[in-house]
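Source file: model-v3.txt; contents: compact mmCIF, C-alpha atoms.
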```txt
# COMPACT_ATOMS: atom_id res chain seq x y z
CA GLY D 1 46.62 -18.89 76.50
CA SER D 2 45.47 -20.00 73.11
CA LYS D 3 44.40 -23.52 72.29
CA HIS D 4 46.86 -24.44 69.59
CA MET D 5 45.73 -26.32 66.51
CA TRP D 6 49.27 -27.66 66.40
CA PRO D 7 50.20 -29.87 69.35
CA ARG D 8 53.56 -29.49 71.07
CA ALA D 9 56.10 -32.08 70.02
CA GLN D 10 56.25 -35.36 71.89
CA VAL D 11 59.18 -37.69 72.27
CA PRO D 12 58.46 -41.12 70.75
CA PRO D 13 57.44 -43.78 73.32
CA SER D 14 60.40 -45.27 75.16
CA GLU D 15 59.88 -48.79 73.85
CA SER D 16 60.05 -47.72 70.21
CA TYR D 17 63.03 -48.29 67.97
CA LEU D 18 62.98 -44.62 66.99
CA HIS D 19 63.30 -43.60 70.62
CA GLN D 20 66.42 -45.75 71.01
CA ILE D 21 67.97 -44.01 67.98
CA VAL D 22 67.03 -40.60 69.35
CA LEU D 23 68.69 -41.48 72.66
CA LEU D 24 71.85 -42.72 70.91
CA VAL D 25 72.10 -39.55 68.86
CA LEU D 26 71.54 -37.38 71.92
CA ALA D 27 74.05 -39.35 73.96
CA ALA D 28 76.68 -38.77 71.29
CA LYS D 29 76.13 -35.04 71.56
CA THR D 30 76.32 -34.67 75.33
CA ASN D 31 80.04 -35.21 75.67
CA PHE D 32 80.70 -31.51 76.19
CA ALA D 33 79.98 -29.78 79.50
CA GLN D 34 76.64 -28.02 79.69
CA ASN D 35 75.77 -25.44 82.27
CA GLN D 36 72.66 -23.91 83.82
CA THR D 37 72.38 -21.37 80.99
CA ASP D 38 72.16 -24.21 78.44
CA GLY D 39 69.40 -25.84 80.48
CA ILE D 40 67.43 -22.61 80.81
CA LYS D 41 67.84 -22.01 77.07
CA ALA D 42 66.46 -25.49 76.34
CA MET D 43 63.48 -24.75 78.61
CA SER D 44 62.78 -21.49 76.79
CA ARG D 45 62.54 -23.57 73.60
CA GLU D 46 60.08 -25.92 75.33
CA ASN D 47 62.69 -28.68 74.97
CA TYR D 48 61.96 -30.02 78.42
CA GLN D 49 63.54 -33.47 78.02
CA THR D 50 66.83 -31.92 76.93
CA ALA D 51 66.65 -29.39 79.77
CA ALA D 52 65.88 -32.11 82.32
CA ARG D 53 68.88 -34.13 81.19
CA ILE D 54 71.17 -31.10 81.58
CA PHE D 55 69.88 -30.31 85.08
CA ARG D 56 70.13 -33.95 86.18
CA ASN D 57 73.77 -33.97 85.11
CA LEU D 58 74.35 -30.70 86.95
CA ILE D 59 72.75 -32.02 90.14
CA SER D 60 75.37 -34.78 90.24
CA SER D 61 78.29 -32.51 89.32
CA ALA D 62 77.58 -28.98 90.58
CA ASN D 63 76.84 -27.67 94.06
CA ASP D 64 73.72 -25.55 93.51
CA ALA D 65 70.15 -25.78 94.82
CA ASP D 66 68.84 -24.10 91.67
CA ASN D 67 69.60 -27.18 89.56
CA TYR D 68 66.90 -29.04 91.51
CA TYR D 69 64.56 -26.07 91.07
CA TYR D 70 65.04 -25.94 87.31
CA LEU D 71 64.71 -29.73 86.99
CA GLY D 72 61.44 -29.50 88.91
CA GLN D 73 60.34 -26.68 86.61
CA THR D 74 60.84 -28.90 83.54
CA TYR D 75 58.30 -31.29 85.11
CA CYS D 76 55.86 -28.46 85.97
CA TYR D 77 55.84 -27.31 82.36
CA GLN D 78 55.07 -30.88 81.25
CA ASN D 79 52.24 -31.14 83.82
CA LYS D 80 54.13 -33.83 85.75
CA TRP D 81 53.33 -32.22 89.07
CA ASP D 82 54.00 -35.26 91.30
CA SER D 83 57.49 -35.67 89.82
CA ALA D 84 58.09 -31.93 90.21
CA ARG D 85 57.14 -32.03 93.90
CA ILE D 86 59.51 -34.93 94.58
CA ILE D 87 62.39 -33.04 92.95
CA PHE D 88 61.66 -29.83 94.90
CA GLN D 89 61.51 -31.82 98.15
CA GLN D 90 64.86 -33.45 97.31
CA GLY D 91 66.28 -29.99 96.63
CA ILE D 92 65.06 -28.72 100.01
CA ALA D 93 66.56 -31.77 101.75
CA ALA D 94 69.90 -31.22 100.00
CA TYR D 95 69.92 -27.42 100.38
CA PRO D 96 67.63 -26.32 103.24
CA LYS D 97 69.04 -22.77 103.03
CA GLY D 98 68.45 -22.45 99.27
CA TYR D 99 65.25 -20.52 98.56
CA SER D 100 64.31 -21.67 95.05
CA ASN D 101 62.94 -25.13 95.87
CA TYR D 102 60.55 -23.71 98.48
CA VAL D 103 59.10 -21.60 95.66
CA GLY D 104 58.88 -24.70 93.46
CA LEU D 105 57.14 -26.67 96.22
CA GLY D 106 54.71 -23.78 96.72
CA LYS D 107 53.98 -23.83 93.01
CA THR D 108 52.90 -27.48 93.20
CA TYR D 109 50.52 -26.58 96.07
CA LEU D 110 49.08 -23.61 94.20
CA ASN D 111 48.45 -25.90 91.24
CA GLU D 112 46.10 -27.85 93.56
CA ASN D 113 44.51 -24.60 94.83
CA LYS D 114 46.13 -25.11 98.26
CA THR D 115 46.73 -21.40 98.66
CA THR D 116 47.69 -21.43 102.36
CA ASP D 117 50.28 -24.19 101.89
CA ALA D 118 51.63 -22.39 98.82
CA GLN D 119 51.92 -19.04 100.58
CA ALA D 120 53.77 -20.66 103.51
CA GLN D 121 56.40 -21.96 101.08
CA PHE D 122 56.69 -18.59 99.29
CA ASP D 123 57.13 -16.84 102.65
CA LYS D 124 59.79 -19.35 103.68
CA ALA D 125 61.65 -18.68 100.41
CA LYS D 126 61.50 -14.91 100.95
CA SER D 127 62.70 -15.30 104.56
CA LEU D 128 65.93 -16.88 103.23
CA CYS D 129 66.66 -13.89 100.94
CA SER D 130 67.57 -10.26 101.23
CA THR D 131 64.63 -7.91 100.66
CA LYS D 132 66.48 -6.66 97.57
CA ASN D 133 66.44 -10.12 95.92
CA VAL D 134 64.25 -9.85 92.81
CA VAL D 135 64.98 -13.38 91.55
CA VAL D 136 62.90 -14.92 94.33
CA LEU D 137 60.06 -12.54 93.44
CA GLU D 138 60.33 -13.56 89.75
CA MET D 139 60.19 -17.24 90.73
CA ILE D 140 57.09 -16.65 92.89
CA ALA D 141 55.45 -14.65 90.07
CA ASP D 142 56.10 -17.58 87.71
CA ALA D 143 54.55 -19.94 90.28
CA MET D 144 51.48 -17.71 90.59
CA THR D 145 51.08 -17.50 86.80
CA ASN D 146 51.84 -20.94 85.35
CA VAL D 147 49.48 -23.16 87.38
CA ASP D 148 45.91 -24.41 87.11
CA PHE D 149 44.74 -21.94 89.80
CA PRO D 150 46.73 -18.81 89.02
CA GLN D 151 46.93 -15.66 91.15
CA LEU D 152 47.62 -13.26 88.31
CA GLN D 153 47.08 -9.98 90.13
CA ASN D 154 49.39 -11.12 92.94
CA ALA D 155 52.05 -11.98 90.35
CA ILE D 156 51.67 -8.53 88.77
CA ASN D 157 51.91 -6.81 92.17
CA LEU D 158 55.12 -8.73 92.94
CA MET D 159 56.67 -7.63 89.66
CA GLU D 160 55.65 -4.02 90.30
CA GLN D 161 57.41 -4.37 93.66
CA ALA D 162 60.46 -5.83 91.87
CA GLN D 163 60.52 -2.84 89.50
CA GLY D 164 60.89 -0.62 92.56
CA ILE D 165 64.10 -2.53 93.36
CA VAL D 166 65.62 -2.84 89.86
CA ASP D 167 65.06 -0.68 86.79
CA ASP D 168 64.37 -2.17 83.38
CA ASN D 169 65.01 -5.81 84.24
CA LYS D 170 64.02 -8.02 81.28
CA ASP D 171 63.01 -11.01 83.41
CA VAL D 172 60.78 -8.90 85.65
CA LEU D 173 59.03 -7.29 82.67
CA MET D 174 58.63 -10.68 80.99
CA ARG D 175 57.08 -12.31 84.09
CA GLU D 176 54.66 -9.40 84.48
CA GLY D 177 53.79 -9.62 80.77
CA ASP D 178 53.11 -13.34 81.12
CA ALA D 179 50.67 -12.70 83.97
CA TYR D 180 48.82 -10.02 81.99
CA ALA D 181 48.76 -12.28 78.90
CA LYS D 182 46.72 -14.86 80.86
CA MET D 183 44.31 -12.24 82.20
CA ASN D 184 41.01 -11.36 80.59
CA ASN D 185 41.58 -8.02 78.84
CA GLY D 186 45.27 -8.07 79.85
CA THR D 187 46.63 -8.44 76.32
CA GLY D 188 47.35 -4.74 75.77
CA GLN D 189 49.36 -4.55 78.99
CA ALA D 190 51.23 -7.75 78.11
CA TYR D 191 52.06 -6.34 74.68
CA ASN D 192 53.48 -3.15 76.21
CA LEU D 193 55.61 -5.09 78.68
CA TYR D 194 57.04 -7.38 75.97
CA LEU D 195 57.72 -4.27 73.89
CA ARG D 196 59.69 -2.81 76.82
CA VAL D 197 61.78 -6.00 76.84
CA LEU D 198 62.58 -5.34 73.17
CA TYR D 199 63.61 -1.75 73.97
CA ILE D 200 66.14 -3.19 76.42
CA ASP D 201 67.22 -6.00 74.09
CA SER D 202 65.99 -5.94 70.49
CA LEU D 203 67.42 -9.44 69.95
CA ASP D 204 65.17 -11.10 72.56
CA VAL D 205 63.48 -13.82 70.48
CA ILE D 206 61.19 -14.92 73.33
CA ALA D 207 59.59 -11.48 73.69
CA ARG D 208 59.31 -11.14 69.89
CA THR D 209 57.59 -14.52 69.62
CA LYS D 210 55.20 -13.66 72.46
CA ILE D 211 54.23 -10.43 70.68
CA GLY D 212 53.69 -12.46 67.50
CA THR D 213 51.45 -14.84 69.45
CA ILE D 214 49.37 -11.98 70.89
CA TRP D 215 48.69 -10.69 67.35
CA ILE D 216 47.76 -14.21 66.14
CA GLU D 217 45.25 -14.53 68.98
CA GLY D 218 43.82 -11.16 67.90
CA LYS D 219 43.70 -12.44 64.29
CA GLN D 220 46.02 -9.57 63.25
CA TYR D 221 48.21 -11.77 61.09
CA ASP D 222 49.92 -8.93 59.21
CA LEU D 223 51.08 -7.49 62.53
CA SER D 224 52.22 -10.89 63.82
CA LYS D 225 54.27 -12.03 60.86
CA PRO D 226 57.07 -9.40 61.00
CA HIS D 227 57.77 -10.21 64.67
CA LEU D 228 57.96 -13.95 64.09
CA GLU D 229 60.08 -13.54 60.98
CA LYS D 230 62.42 -11.17 62.83
CA ALA D 231 62.73 -13.65 65.71
CA LEU D 232 63.73 -16.38 63.25
CA LYS D 233 66.15 -14.05 61.49
CA ILE D 234 67.83 -13.48 64.85
CA ASP D 235 67.79 -17.19 65.74
CA SER D 236 66.55 -19.69 63.15
CA THR D 237 66.76 -22.51 65.76
CA PHE D 238 64.09 -20.95 68.01
CA GLY D 239 61.40 -23.61 67.59
CA PRO D 240 58.39 -21.88 69.19
CA ALA D 241 58.55 -19.10 66.57
CA TRP D 242 58.33 -21.70 63.77
CA ARG D 243 55.30 -23.25 65.51
CA GLU D 244 53.57 -19.87 65.82
CA LEU D 245 54.29 -19.12 62.17
CA ALA D 246 52.78 -22.50 61.26
CA GLU D 247 49.69 -21.58 63.29
CA LEU D 248 49.48 -18.20 61.52
CA TYR D 249 49.55 -19.75 58.04
CA TYR D 250 47.15 -22.51 59.13
CA ASN D 251 44.67 -19.88 60.31
CA GLN D 252 45.02 -18.11 56.94
CA GLY D 253 44.29 -21.33 55.06
CA GLU D 254 47.84 -21.64 53.64
CA TYR D 255 48.17 -25.27 54.61
CA ASP D 256 51.32 -26.11 52.60
CA LYS D 257 53.28 -23.33 54.30
CA ALA D 258 51.79 -24.27 57.66
CA GLU D 259 52.89 -27.88 57.28
CA LYS D 260 56.38 -26.87 56.14
CA PHE D 261 56.91 -24.58 59.12
CA TYR D 262 55.42 -27.08 61.57
CA LYS D 263 57.84 -29.74 60.31
CA LYS D 264 60.64 -27.23 60.88
CA TYR D 265 59.42 -26.80 64.47
CA LEU D 266 59.32 -30.59 64.98
CA SER D 267 62.86 -30.94 63.63
CA LEU D 268 64.06 -28.56 66.38
CA ALA D 269 61.96 -29.97 69.20
CA ASP D 270 64.09 -31.56 71.92
CA ASN D 271 67.20 -31.74 69.88
CA ASN D 272 70.46 -30.93 71.50
CA ASP D 273 72.28 -28.66 69.06
CA TYR D 274 72.88 -25.29 70.64
```
Would you encode the structure as structure tokens?
Amino acid sequence: GSKHMWPRAQVPPSESYLHQIVLLVLAAKTNFAQNQTDGIKAMSRENYQTAARIFRNLISSANDADNYYYLGQTYCYQNKWDSARIIFQQGIAAYPKGYSNYVGLGKTYLNENKTTDAQAQFDKAKSLCSTKNVVVLEMIADAMTNVDFPQLQNAINLMEQAQGIVDDNKDVLMREGDAYAKMNNGTGQAYNLYLRVLYIDSLDVIARTKIGTIWIEGKQYDLSKPHLEKALKIDSTFGPAWRELAELYYNQGEYDKAEKFYKKYLSLADNNDY
């Protein structure tokens, strides 16, 4: 992935006055029930604190192993691997027959390059599923992609296998695109896979933003801009597209626009208005 000039948003330190205000405001907004979809949506916006809060609430109120898995994932994406492992282990203890937390645990091993331990967990997860279950394959592909010691070709092979089970599944294409995007010389393949997602669903802002990012990394700003602008036209609250647009203008030396769009991104980071 690219090294962003613009850092991802951080929550103010817990002892600060601002943080207390943020928490009060957020608390006032959480009086309505939120479900797994809301949590996953928050994660797709990189709003990991919001997502974690939703999944913690769901763990106490809903009977589903996946809420532990997604909570653990919020920690993985923040590089809090020890916390993630604890959550996955709790999920396995609570739901030994649920497959997702074995995948999560395997991901934490792969992040330490403990490939044998990781594979044992992935195999355990698969043994709890039907051979037609593509979700477990998507989860393993994510684990193989988004770690410090990725196994990108293995992730791609799994998603090719998944495409033999289901046709034109957005999540499968997206996971495979993500693996190619991290590969040397994989950008063209990633682009084609994200484009296939858009053929299935032209309103998919995540795929549009990822295409925009690929063009920024290739310094093809005129090709990037329409995708990012379209993503924001579809959903003006999709923060990562504002951040990429800020990066684009920064790289073009239009610092006023870059700052304006980056502030827009910050205003959407870890807020709770869906």
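The two atoms in question, atom CA of Leu128 of chain D and atom CA of Gly98 of chain D, are spaced 7.3 Å apart.
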Enclose segment 118-130 of chain D, meaning all of its atoms listed in the file, in a box aligned along x, y and z, pad it by 4 Å on each side, and list the centre and edge lengths in Å to one decimal, as AutoDock Vina command-line options.
```
--center_x 59.6 --center_y -16.3 --center_z 101.7 --size_x 23.9 --size_y 20.1 --size_z 13.7
```
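If you look at atom CA of Val166 of chain D and atom CA of Asn133 of chain D, they are 9.5 Å away from each other.
Take the candidates D:Gln163, D:Gln73, D:Gln36, D:Thr108 and check each one against Arg85 of chain D using all atoms listed in the file; the shortest distance goes to D:Thr108.
Counting from atom CA of Ser100 of chain D, the distance to atom CA of Asp270 of chain D is 25.2 Å.
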List the spatial neighbours of Lys219 of chain D as a ChimeraX atom specification - criterion: any atom at most 10 Å away, all atoms listed in the file, same-chain residues fewer than 6 positions off excluded.
/D:213,248,251-252
Counting all atoms listed in the file, which residues sit no farther than 12 Å from the position (49.5, -15.1, 88.5) in the file's frame? I'd like them as a ChimeraX atom specification.
/D:107,110-111,137-159,175-183,186
Using only C-alpha atoms, can you tell me which of D:Gly253, D:Pro96, D:Gly72, D:Gly239 comes closest to Ala269 of chain D?
D:Gly239
Pick the closest to Asn101 of chain D from D:Cys129, D:Ala65, D:Leu58, D:Leu232: which is it, counting only C-alpha atoms?
D:Ala65
Considering all atoms listed in the file, return as a ChimeraX atom specification whatever protein or nucleic-acid residues lie within 8 Å of segment 44-48 of chain D, sequence-local ones (same chain, fewer than 5 positions apart) excluded.
/D:74-75,77-78,206,238-240,269-271
Please determine, counting all atoms listed in the file, which residue among D:Gln49, D:His227, D:Lys132, D:Asn35 has the shortest atom-to-atom distance to Ser202 of chain D.
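Using all atoms listed in the file, Ser202 of chain D sits closest to D:His227.
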Counting only C-alpha atoms, figure out which residue out of D:Gln119, D:Ala94, D:Val136, D:Val172 gets nearest to Ser60 of chain D.
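Comparing D:Gln119, D:Ala94, D:Val136, D:Val172 against Ser60 of chain D, the winner is D:Ala94.
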Which residues, written as a count of residues only, have at least one atom at most 9 Å from Glu244 of chain D, with only C-alpha atoms counted and residues fewer than 2 positions away on the same chain left out?
17
Which residue of D:Ala120, D:Ala207, D:Leu71, D:Leu245 approaches Lys225 of chain D most closely, using only C-alpha atoms:
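Once distances to Lys225 of chain D are computed over only C-alpha atoms, the minimum belongs to D:Leu245.
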Near Thr37 of chain D, within 12 Å and counting all atoms listed in the file, which residues show up once chain neighbours fewer than 4 positions away are dropped, as a list in words?
Ala33, Lys41, Ala42, Met43, Ser44, Ala51, Ile54, Phe55, Leu58, Asp66, Asn67, Tyr70 and Tyr274 of chain D
